[in-house]
file data29.pdb (PDB, C-alpha atoms, pLDDT in the B column)
ATOM      1  CA  MET A   1     -20.462   6.848  59.919  1.00 67.00           C
ATOM      2  CA  LYS A   2     -17.319   5.016  60.927  1.00 75.00           C
ATOM      3  CA  THR A   3     -18.863   1.617  60.183  1.00 82.00           C
ATOM      4  CA  LYS A   4     -20.035   2.797  56.772  1.00 80.00           C
ATOM      5  CA  ARG A   5     -16.474   3.830  55.910  1.00 82.00           C
ATOM      6  CA  LEU A   6     -15.129   0.507  57.241  1.00 82.00           C
ATOM      7  CA  ILE A   7     -17.615  -1.502  55.135  1.00 85.00           C
ATOM      8  CA  SER A   8     -16.783   0.567  51.994  1.00 84.00           C
ATOM      9  CA  GLY A   9     -13.054   0.055  52.540  1.00 83.00           C
ATOM     10  CA  THR A  10     -13.525  -3.688  53.052  1.00 87.00           C
ATOM     11  CA  ILE A  11     -15.584  -4.005  49.858  1.00 87.00           C
ATOM     12  CA  ALA A  12     -13.010  -1.993  47.878  1.00 83.00           C
ATOM     13  CA  LEU A  13     -10.207  -4.162  49.221  1.00 81.00           C
ATOM     14  CA  ALA A  14     -12.108  -7.355  48.338  1.00 81.00           C
ATOM     15  CA  VAL A  15     -12.760  -6.112  44.788  1.00 80.00           C
ATOM     16  CA  MET A  16      -9.059  -5.247  44.329  1.00 80.00           C
ATOM     17  CA  VAL A  17      -7.960  -8.678  45.591  1.00 76.00           C
ATOM     18  CA  ILE A  18     -10.381 -10.431  43.211  1.00 77.00           C
ATOM     19  CA  PHE A  19      -9.323  -8.201  40.319  1.00 74.00           C
ATOM     20  CA  PHE A  20      -5.580  -8.736  40.729  1.00 72.00           C
ATOM     21  CA  THR A  21      -5.737 -12.474  41.410  1.00 71.00           C
ATOM     22  CA  GLY A  22      -8.302 -13.161  38.687  1.00 67.00           C
ATOM     23  CA  CYS A  23      -6.140 -11.699  35.900  1.00 61.00           C
ATOM     24  CA  GLN A  24      -3.196 -14.056  36.301  1.00 61.00           C
ATOM     25  CA  LYS A  25      -2.656 -16.857  33.824  1.00 63.00           C
ATOM     26  CA  ASP A  26      -2.050 -20.279  35.216  1.00 60.00           C
ATOM     27  CA  LEU A  27       1.115 -21.132  33.273  1.00 60.00           C
ATOM     28  CA  GLU A  28       1.342 -24.691  34.565  1.00 63.00           C
ATOM     29  CA  MET A  29      -2.038 -25.528  33.059  1.00 62.00           C
ATOM     30  CA  MET A  30      -1.158 -24.287  29.574  1.00 61.00           C
ATOM     31  CA  GLU A  31       0.188 -26.879  27.202  1.00 64.00           C
ATOM     32  CA  PRO A  32       2.901 -25.801  24.808  1.00 63.00           C
ATOM     33  CA  SER A  33       1.667 -25.522  21.254  1.00 65.00           C
ATOM     34  CA  PRO A  34       3.291 -27.912  18.807  1.00 63.00           C
ATOM     35  CA  SER A  35       5.919 -26.232  16.667  1.00 64.00           C
ATOM     36  CA  PRO A  36       5.147 -26.161  12.944  1.00 65.00           C
ATOM     37  CA  VAL A  37       7.363 -28.022  10.537  1.00 61.00           C
ATOM     38  CA  GLN A  38      10.272 -25.767   9.736  1.00 62.00           C
ATOM     39  CA  ALA A  39      10.409 -24.922   6.049  1.00 64.00           C
ATOM     40  CA  SER A  40      13.551 -23.671   4.415  1.00 65.00           C
ATOM     41  CA  THR A  41      13.456 -19.885   4.089  1.00 71.00           C
ATOM     42  CA  ALA A  42      16.798 -19.335   2.400  1.00 77.00           C
ATOM     43  CA  THR A  43      16.569 -17.765  -1.041  1.00 77.00           C
ATOM     44  CA  THR A  44      19.277 -20.128  -2.271  1.00 78.00           C
ATOM     45  CA  ASP A  45      16.863 -23.035  -1.720  1.00 79.00           C
ATOM     46  CA  MET A  46      14.156 -21.510  -3.944  1.00 80.00           C
ATOM     47  CA  GLN A  47      13.475 -23.051  -7.326  1.00 84.00           C
ATOM     48  CA  VAL A  48      12.555 -20.344  -9.834  1.00 83.00           C
ATOM     49  CA  ASN A  49      12.313 -20.453 -13.631  1.00 87.00           C
ATOM     50  CA  ALA A  50      15.305 -18.918 -15.375  1.00 86.00           C
ATOM     51  CA  ASP A  51      13.072 -16.501 -17.327  1.00 87.00           C
ATOM     52  CA  PHE A  52      11.310 -15.168 -14.203  1.00 83.00           C
ATOM     53  CA  ASP A  53      11.394 -11.339 -14.040  1.00 80.00           C
ATOM     54  CA  TRP A  54      12.184 -10.180 -10.497  1.00 83.00           C
ATOM     55  CA  LYS A  55      11.406  -6.521 -11.204  1.00 86.00           C
ATOM     56  CA  THR A  56       8.440  -4.980  -9.419  1.00 90.00           C
ATOM     57  CA  MET A  57       8.670  -1.577 -11.136  1.00 91.00           C
ATOM     58  CA  LYS A  58       8.882  -0.623 -14.794  1.00 89.00           C
ATOM     59  CA  ASP A  59      10.430   2.584 -16.183  1.00 91.00           C
ATOM     60  CA  LEU A  60       8.092   4.386 -18.551  1.00 92.00           C
ATOM     61  CA  GLN A  61       8.591   7.377 -20.871  1.00 93.00           C
ATOM     62  CA  VAL A  62       5.532   9.469 -21.671  1.00 93.00           C
ATOM     63  CA  GLU A  63       5.172  12.129 -24.344  1.00 94.00           C
ATOM     64  CA  VAL A  64       2.071  14.352 -24.340  1.00 94.00           C
ATOM     65  CA  LYS A  65       1.241  16.790 -27.146  1.00 93.00           C
ATOM     66  CA  SER A  66      -1.173  19.515 -26.167  1.00 91.00           C
ATOM     67  CA  ASN A  67      -2.873  22.491 -27.809  1.00 89.00           C
ATOM     68  CA  THR A  68      -3.842  24.071 -24.487  1.00 91.00           C
ATOM     69  CA  LYS A  69      -2.211  25.155 -21.255  1.00 93.00           C
ATOM     70  CA  ALA A  70      -3.483  22.859 -18.514  1.00 94.00           C
ATOM     71  CA  VAL A  71      -2.561  20.514 -15.682  1.00 95.00           C
ATOM     72  CA  LEU A  72      -1.659  17.009 -16.797  1.00 95.00           C
ATOM     73  CA  TYR A  73      -2.468  14.004 -14.591  1.00 96.00           C
ATOM     74  CA  ILE A  74      -1.143  10.512 -15.261  1.00 95.00           C
ATOM     75  CA  LYS A  75      -2.782   7.969 -12.997  1.00 95.00           C
ATOM     76  CA  SER A  76      -3.735   4.342 -12.588  1.00 93.00           C
ATOM     77  CA  LYS A  77      -7.225   2.987 -13.185  1.00 90.00           C
ATOM     78  CA  THR A  78      -7.654   2.839  -9.389  1.00 91.00           C
ATOM     79  CA  GLY A  79      -6.895   6.560  -9.055  1.00 92.00           C
ATOM     80  CA  SER A  80      -3.271   6.547  -7.848  1.00 93.00           C
ATOM     81  CA  ILE A  81      -1.540   9.582  -9.347  1.00 95.00           C
ATOM     82  CA  TYR A  82       1.870   8.731 -10.803  1.00 94.00           C
ATOM     83  CA  HIS A  83       2.661  12.126 -12.318  1.00 95.00           C
ATOM     84  CA  LYS A  84       1.273  15.658 -12.299  1.00 96.00           C
ATOM     85  CA  ALA A  85       2.611  18.604 -14.311  1.00 95.00           C
ATOM     86  CA  MET A  86       1.689  21.849 -16.046  1.00 95.00           C
ATOM     87  CA  VAL A  87       1.720  21.512 -19.834  1.00 94.00           C
ATOM     88  CA  ASN A  88       2.100  24.687 -21.925  1.00 91.00           C
ATOM     89  CA  TYR A  89       0.196  25.538 -25.083  1.00 89.00           C
ATOM     90  CA  GLY A  90       1.627  23.994 -28.249  1.00 89.00           C
ATOM     91  CA  GLU A  91       4.452  22.165 -26.487  1.00 90.00           C
ATOM     92  CA  THR A  92       5.266  18.482 -26.326  1.00 93.00           C
ATOM     93  CA  TYR A  93       5.773  17.442 -22.712  1.00 94.00           C
ATOM     94  CA  HIS A  94       8.263  14.646 -21.984  1.00 95.00           C
ATOM     95  CA  THR A  95       8.586  12.789 -18.689  1.00 94.00           C
ATOM     96  CA  SER A  96       9.719   9.471 -17.336  1.00 93.00           C
ATOM     97  CA  PHE A  97       8.702   7.697 -14.138  1.00 92.00           C
ATOM     98  CA  ALA A  98       8.294   4.217 -12.703  1.00 91.00           C
ATOM     99  CA  VAL A  99       5.047   2.281 -12.489  1.00 92.00           C
ATOM    100  CA  PRO A 100       4.352  -1.118 -10.912  1.00 91.00           C
ATOM    101  CA  THR A 101       4.783  -3.983 -13.355  1.00 89.00           C
ATOM    102  CA  TYR A 102       1.204  -5.151 -12.755  1.00 89.00           C
ATOM    103  CA  GLU A 103      -0.156  -1.952 -14.363  1.00 91.00           C
ATOM    104  CA  LYS A 104      -1.440  -2.687 -17.858  1.00 91.00           C
ATOM    105  CA  GLU A 105      -2.906   0.722 -18.709  1.00 93.00           C
ATOM    106  CA  LEU A 106      -2.788   4.352 -17.569  1.00 93.00           C
ATOM    107  CA  GLU A 107      -5.374   7.098 -17.558  1.00 95.00           C
ATOM    108  CA  ILE A 108      -4.101  10.443 -18.835  1.00 95.00           C
ATOM    109  CA  LEU A 109      -6.142  13.561 -18.046  1.00 95.00           C
ATOM    110  CA  LEU A 110      -5.607  17.008 -19.583  1.00 94.00           C
ATOM    111  CA  ALA A 111      -7.975  19.990 -19.715  1.00 90.00           C
ATOM    112  CA  GLY A 112     -11.082  17.922 -18.972  1.00 91.00           C
ATOM    113  CA  GLN A 113     -10.217  15.241 -21.521  1.00 92.00           C
ATOM    114  CA  SER A 114      -9.383  11.705 -20.475  1.00 94.00           C
ATOM    115  CA  LYS A 115      -7.638   8.943 -22.412  1.00 94.00           C
ATOM    116  CA  THR A 116      -6.916   5.391 -21.288  1.00 94.00           C
ATOM    117  CA  ILE A 117      -3.704   4.160 -22.850  1.00 92.00           C
ATOM    118  CA  PRO A 118      -2.372   0.577 -22.670  1.00 93.00           C
ATOM    119  CA  ILE A 119       1.223   0.161 -21.525  1.00 90.00           C
ATOM    120  CA  ALA A 120       2.764  -1.789 -24.375  1.00 80.00           C
ATOM    121  CA  ASN A 121       6.488  -1.000 -24.241  1.00 78.00           C
ATOM    122  CA  ASP A 122       8.577   1.505 -22.347  1.00 76.00           C
ATOM    123  CA  GLY A 123       6.995   4.502 -24.067  1.00 85.00           C
ATOM    124  CA  ILE A 124       3.611   6.160 -24.513  1.00 88.00           C
ATOM    125  CA  THR A 125       2.742   9.036 -26.867  1.00 89.00           C
ATOM    126  CA  VAL A 126      -0.570  10.861 -26.495  1.00 90.00           C
ATOM    127  CA  SER A 127      -2.030  13.843 -28.357  1.00 90.00           C
ATOM    128  CA  PHE A 128      -4.789  16.070 -27.018  1.00 88.00           C
ATOM    129  CA  GLN A 129      -6.619  18.403 -29.437  1.00 78.00           C
TER     130      GLN A 129
END

call {"tool": "encode", "arguments": {"input": "data29.pdb", "output": "structure tokens"}}
result
Amino acid sequence: MKTKRLISGTIALAVMVIFFTGCQKDLEMMEPSPSPVQASTATTDMQVNADFDWKTMKDLQVEVKSNTKAVLYIKSKTGSIYHKAMVNYGETYHTSFAVPTYEKELEILLAGQSKTIPIANDGITVSFQ
């Protein structure tokens, strides 16, 4: 029984020694990687056209005319909801919010009806019957 415990302890010790010595990196053997050519990252060094628009968001005014009381959803074609509101019967609902400049059209949902409206200027007017 004593020899069995001695053999188990010796095997465990050998495994631990192999484990701890085998996981070390040999830093002398590693060669340093060549450094990439340093490019200028200062914004003052950038060359950009004078008519370039730096904006990433666009302010948009939306007007929705409704003949029913329902929840209004204004969302992108990919399903991102930009605005959600309750619209009352017979009222014209006004709102403004920002959308990414890459958006070219919005989907407007009201009372089971859906309309896809192109974003032409800063304003959209939609009527639901």

call {"tool": "resolve_selection", "arguments": {"input": "data29.pdb", "expression": "the PyMOL selection byres ((chain A and resi 60) around 12)", "output": "list in words"}}
result
Met57, Lys58, Asp59, Gln61, Val62, Glu63, Ile74, Tyr82, His83, His94, Thr95, Ser96, Phe97, Ala98, Val99, Pro100, Thr101, Glu103, Lys104, Glu105, Leu106, Pro118, Ile119, Ala120, Asn121, Asp122, Gly123, Ile124 and Thr125 of chain A

call {"tool": "atom_distance", "arguments": {"input": "data29.pdb", "atom1": "atom CA of A:Lys55", "atom2": "atom CA of A:Tyr102"}}
result
10.4 Å

call {"tool": "closest_residue", "arguments": {"input": "data29.pdb", "among": "A:Ser127, A:Thr116, A:Asn49, A:Thr56", "to": "A:Thr68", "atoms": "only C-alpha atoms"}}
result
A:Ser127

call {"tool": "residues_around", "arguments": {"input": "data29.pdb", "residues": "A:Val126", "least_positions_apart": "4", "cutoff": "9 Å", "atoms": "only C-alpha atoms", "output": "ChimeraX atom specification"}}
result
/A:62-66,108,115,117

call {"tool": "residues_near_point", "arguments": {"input": "data29.pdb", "point": "(2.5, 24.2, -16.8)", "cutoff": "9 Å", "atoms": "all atoms listed in the file", "output": "ChimeraX atom specification"}}
result
/A:69-72,85-89

call {"tool": "closest_residue", "arguments": {"input": "data29.pdb", "among": "A:Gly90, A:Glu107, A:Thr43, A:Gly112", "to": "A:Lys77", "atoms": "all atoms listed in the file"}}
result
A:Glu107

call {"tool": "atom_distance", "arguments": {"input": "data29.pdb", "atom1": "atom CA of A:Thr21", "atom2": "atom CA of A:Lys2"}}
result
28.7 Å

call {"tool": "axis_aligned_box", "arguments": {"input": "data29.pdb", "around": "stretch 80-89 of chain A", "padding_each_side": "8 Å", "output": "JSON"}}
result
{"center_x": -0.3, "center_y": 16.0, "center_z": -16.5, "size_x": 21.9, "size_y": 35.0, "size_z": 33.2}

call {"tool": "atom_distance", "arguments": {"input": "data29.pdb", "atom1": "atom CA of A:Leu109", "atom2": "atom CA of A:Glu91"}}
result
16.0 Å

call {"tool": "decode", "arguments": {"input": "data29.pdb", "residues": "stretch 49-66 of chain A", "atoms": "N, CA and C atoms", "output": "short mmCIF file (atom, residue, chain, number, x, y, z; two decimals), in the first residue's frame"}}
result
data_model
loop_
_atom_site.label_atom_id
_atom_site.label_comp_id
_atom_site.auth_asym_id
_atom_site.auth_seq_id
_atom_site.Cartn_x
_atom_site.Cartn_y
_atom_site.Cartn_z
N ASN A 49 -11.38 65.79 -50.39
CA ASN A 49 -12.03 66.77 -51.25
C ASN A 49 -12.74 67.82 -50.40
N ALA A 50 -12.78 69.03 -50.89
CA ALA A 50 -13.40 70.12 -50.15
C ALA A 50 -14.90 69.92 -49.99
N ASP A 51 -15.55 69.21 -50.92
CA ASP A 51 -16.99 69.01 -50.84
C ASP A 51 -17.39 67.73 -50.11
N PHE A 52 -16.43 67.07 -49.46
CA PHE A 52 -16.72 65.85 -48.71
C PHE A 52 -17.57 66.17 -47.50
N ASP A 53 -18.66 65.39 -47.29
CA ASP A 53 -19.56 65.59 -46.16
C ASP A 53 -19.14 64.65 -45.03
N TRP A 54 -18.72 65.21 -43.91
CA TRP A 54 -18.22 64.43 -42.78
C TRP A 54 -19.34 63.90 -41.89
N LYS A 55 -20.55 64.31 -42.13
CA LYS A 55 -21.66 63.88 -41.27
C LYS A 55 -21.94 62.39 -41.44
N THR A 56 -22.26 61.73 -40.34
CA THR A 56 -22.64 60.33 -40.39
C THR A 56 -24.12 60.15 -40.08
N MET A 57 -24.77 61.20 -39.56
CA MET A 57 -26.19 61.16 -39.26
C MET A 57 -26.89 62.31 -39.98
N LYS A 58 -28.18 62.10 -40.25
CA LYS A 58 -28.97 63.11 -40.95
C LYS A 58 -30.25 63.34 -40.15
N ASP A 59 -30.57 64.61 -39.88
CA ASP A 59 -31.82 64.93 -39.18
C ASP A 59 -32.97 64.84 -40.16
N LEU A 60 -34.07 64.24 -39.69
CA LEU A 60 -35.21 63.98 -40.57
C LEU A 60 -36.50 64.35 -39.85
N GLN A 61 -37.39 65.06 -40.53
CA GLN A 61 -38.71 65.38 -39.98
C GLN A 61 -39.73 64.51 -40.71
N VAL A 62 -40.61 63.89 -39.91
CA VAL A 62 -41.62 63.00 -40.48
C VAL A 62 -42.99 63.47 -40.01
N GLU A 63 -43.93 63.47 -40.96
CA GLU A 63 -45.31 63.85 -40.69
C GLU A 63 -46.19 62.70 -41.17
N VAL A 64 -47.01 62.16 -40.26
CA VAL A 64 -47.87 61.02 -40.60
C VAL A 64 -49.31 61.42 -40.32
N LYS A 65 -50.15 61.29 -41.37
CA LYS A 65 -51.59 61.55 -41.24
C LYS A 65 -52.30 60.21 -41.14
N SER A 66 -53.16 60.09 -40.14
CA SER A 66 -53.79 58.80 -39.90
C SER A 66 -55.29 58.97 -39.67
#
